[in-house]
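What follows is a single structure, written as structure tokens, with notes after it.
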Amino acid sequence: MSEERYVYHITTRSSWHSAQAEGVYRAESLERQGFIHLSRAAQVYRVANALYRGATDLVLLTVDTAELGAALRYEPADPSLPTETAETELFPHLYSTLPIKAVIAVQPLVPKADGSFGAD
């Protein structure tokens, strides 16, 4: 699998606003696991449905991988997460804080009426 120019991260609006005030984003997983979970474009809705179904306060960060350097690694999925993955599927993991300048777009991630996420 080739590396993409952009990867994505799902977070809450309040976490994103706090990050903007601080100048850097820190996910809880960075403290617990040592990295921030990111997704490729094709993985975003699967991750959202597995972890955030029905949540209404989410945003999707579009992250420019050129700003992340060697701290970005593509690795197998975390087996503790309930996301369906293929055995060979890799997910982007960021082994550092996420610099605000690397986030090139922020958009609301709004669930459908049934609480699921996906393209209409």
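Please note that chains go A, B, ... in the order of the structure tokens, that every chain numbers its residues from 1, and that ligands are numbered from 1 in the order shown.
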
Per DSSP on the backbone, what are the helix (DSSP H, G or I) residues of stretch 7-114 of chain A, as a short mmCIF file (atom, residue, chain, number, x, y, z; two decimals) with N, CA and C atoms, in the first residue's frame?
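The result, written out as part-v7.cif:
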```cif
data_model
loop_
_atom_site.label_atom_id
_atom_site.label_comp_id
_atom_site.auth_asym_id
_atom_site.auth_seq_id
_atom_site.Cartn_x
_atom_site.Cartn_y
_atom_site.Cartn_z
N ARG A 13 -15.49 18.46 18.61
CA ARG A 13 -15.32 19.89 18.36
C ARG A 13 -14.53 20.54 19.50
N SER A 14 -14.88 20.17 20.73
CA SER A 14 -14.21 20.80 21.88
C SER A 14 -12.72 20.44 21.92
N SER A 15 -12.37 19.22 21.59
CA SER A 15 -10.95 18.84 21.56
C SER A 15 -10.21 19.64 20.49
N TRP A 16 -10.85 19.83 19.35
CA TRP A 16 -10.22 20.60 18.27
C TRP A 16 -10.06 22.05 18.69
N HIS A 17 -11.08 22.64 19.32
CA HIS A 17 -10.98 24.04 19.77
C HIS A 17 -9.86 24.20 20.80
N SER A 18 -9.72 23.24 21.70
CA SER A 18 -8.63 23.28 22.69
C SER A 18 -7.28 23.21 22.00
N ALA A 19 -7.17 22.35 21.01
CA ALA A 19 -5.91 22.21 20.27
C ALA A 19 -5.54 23.51 19.57
N GLN A 20 -6.52 24.17 19.00
CA GLN A 20 -6.25 25.43 18.32
C GLN A 20 -5.71 26.47 19.32
N ALA A 21 -6.28 26.49 20.50
CA ALA A 21 -5.83 27.43 21.53
C ALA A 21 -4.40 27.10 21.99
N GLU A 22 -4.07 25.81 22.04
CA GLU A 22 -2.74 25.37 22.49
C GLU A 22 -1.70 25.38 21.37
N GLU A 28 -6.14 11.41 23.36
CA GLU A 28 -5.96 10.57 24.55
C GLU A 28 -5.09 9.36 24.26
N SER A 29 -5.20 8.83 23.05
CA SER A 29 -4.42 7.64 22.69
C SER A 29 -2.91 7.91 22.71
N LEU A 30 -2.50 9.16 22.55
CA LEU A 30 -1.08 9.47 22.59
C LEU A 30 -0.51 9.16 23.97
N GLU A 31 -1.27 9.47 25.00
CA GLU A 31 -0.84 9.16 26.37
C GLU A 31 -0.93 7.66 26.66
N ARG A 32 -2.03 7.05 26.26
CA ARG A 32 -2.28 5.64 26.57
C ARG A 32 -1.45 4.67 25.74
N GLN A 33 -1.35 4.96 24.43
CA GLN A 33 -0.74 4.00 23.50
C GLN A 33 0.55 4.49 22.85
N ALA A 41 -8.48 7.62 3.72
CA ALA A 41 -9.82 8.06 3.29
C ALA A 41 -10.82 6.91 3.30
N ALA A 42 -10.42 5.75 2.79
CA ALA A 42 -11.33 4.60 2.69
C ALA A 42 -11.65 3.98 4.06
N GLN A 43 -10.95 4.38 5.10
CA GLN A 43 -11.16 3.81 6.43
C GLN A 43 -12.02 4.69 7.35
N VAL A 44 -12.21 5.93 6.99
CA VAL A 44 -12.86 6.90 7.89
C VAL A 44 -14.24 6.45 8.34
N TYR A 45 -15.12 6.08 7.43
CA TYR A 45 -16.50 5.74 7.83
C TYR A 45 -16.55 4.45 8.65
N ARG A 46 -15.69 3.51 8.33
CA ARG A 46 -15.65 2.27 9.12
C ARG A 46 -15.24 2.56 10.56
N VAL A 47 -14.23 3.40 10.72
CA VAL A 47 -13.77 3.77 12.05
C VAL A 47 -14.86 4.56 12.78
N ALA A 48 -15.47 5.51 12.08
CA ALA A 48 -16.53 6.31 12.70
C ALA A 48 -17.68 5.43 13.17
N ASN A 49 -18.08 4.48 12.36
CA ASN A 49 -19.19 3.60 12.73
C ASN A 49 -18.83 2.66 13.87
N ALA A 50 -17.59 2.22 13.93
CA ALA A 50 -17.17 1.30 14.99
C ALA A 50 -17.01 2.01 16.33
N LEU A 51 -16.54 3.25 16.30
CA LEU A 51 -16.19 3.92 17.55
C LEU A 51 -17.09 5.08 17.95
N THR A 65 0.20 14.80 5.22
CA THR A 65 1.26 13.91 5.70
C THR A 65 2.65 14.52 5.51
N ALA A 66 2.80 15.46 4.58
CA ALA A 66 4.10 16.09 4.36
C ALA A 66 4.58 16.86 5.59
N GLU A 67 3.66 17.21 6.47
CA GLU A 67 3.99 17.96 7.69
C GLU A 67 4.33 17.06 8.88
N GLY A 69 6.43 14.00 8.89
CA GLY A 69 7.75 13.40 8.94
C GLY A 69 7.76 11.95 9.38
N ALA A 70 8.85 11.56 10.02
CA ALA A 70 9.07 10.17 10.41
C ALA A 70 8.17 9.72 11.55
N ALA A 71 7.47 10.63 12.19
CA ALA A 71 6.56 10.25 13.29
C ALA A 71 5.32 9.52 12.76
N ILE A 100 -0.85 21.84 14.53
CA ILE A 100 -2.04 22.50 13.95
C ILE A 100 -1.81 22.83 12.48
N LYS A 101 -0.57 23.21 12.12
CA LYS A 101 -0.29 23.58 10.73
C LYS A 101 -0.44 22.41 9.76
N ALA A 102 -0.43 21.18 10.28
CA ALA A 102 -0.60 20.01 9.42
C ALA A 102 -2.06 19.77 9.05
#
```

Polymer residues at most 9 Å from A:Ser39, only C-alpha atoms, same-chain spacing of 5 or more positions, as a ChimeraX atom specification
/A:7-10,44,47,91-93

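Computed from the coordinates, the atom CA of A:Ser96 to atom CA of A:Tyr52 distance equals 23.1 Å.
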
Can you tell me which residues surround A:Pro108 at a distance of at most 7 Å, considering only C-alpha atoms, apart from same-chain residues fewer than 4 positions away, and format the answer as a short mmCIF file (atom, residue, chain, number, x, y, z; two decimals) with N, CA and C atoms, in the first residue's frame?
```cif
data_model
loop_
_atom_site.label_atom_id
_atom_site.label_comp_id
_atom_site.auth_asym_id
_atom_site.auth_seq_id
_atom_site.Cartn_x
_atom_site.Cartn_y
_atom_site.Cartn_z
N LEU A 58 -18.78 15.67 16.42
CA LEU A 58 -17.51 15.29 15.83
C LEU A 58 -17.10 16.18 14.67
N VAL A 59 -15.78 16.26 14.48
CA VAL A 59 -15.21 16.88 13.29
C VAL A 59 -14.19 15.92 12.70
N LEU A 60 -13.99 16.05 11.41
CA LEU A 60 -13.00 15.25 10.69
C LEU A 60 -11.87 16.18 10.28
#
```

Just list as a count of residues only whatever in chain A DSSP marks as strand (DSSP E).
37

Closest of A:Thr62, A:Thr56, A:Gln107, A:Thr97 to A:Val24, counting only C-alpha atoms, is A:Thr97

In terms of the shortest atom-to-atom distance over only C-alpha atoms, which of A:Ile36, A:Ala105, A:Leu68, A:Val63 is closest to A:Tyr6?
A:Val63

Of A:Leu109, A:Ala77, A:Ile104, A:Leu94, the one nearest to A:Leu38 when counting only C-alpha atoms is A:Leu94

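Between A:Asp64 and the candidates A:Glu3, A:Asp78, A:Asp114, A:Glu89, the tightest atom-to-atom separation, counting only C-alpha atoms, involves A:Glu3.
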
Would you please work out which residue, of A:Glu4, A:Tyr95, A:Lys112, A:Val103, is nearest to A:Gly34 when using only C-alpha atoms?
A:Tyr95

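Among the candidate residues A:Arg73, A:Pro99, A:Ala55, A:Pro79, the one lying nearest to A:Gly115 is A:Ala55, with distances computed using only C-alpha atoms.
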
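Between atom CA of A:Glu75 and atom CA of A:Leu90 lies a distance of 4.8 Å.
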
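Our summary of the geometry notes that atom CA of A:Arg40 is positioned 23.8 Å from atom CA of A:Gly23.
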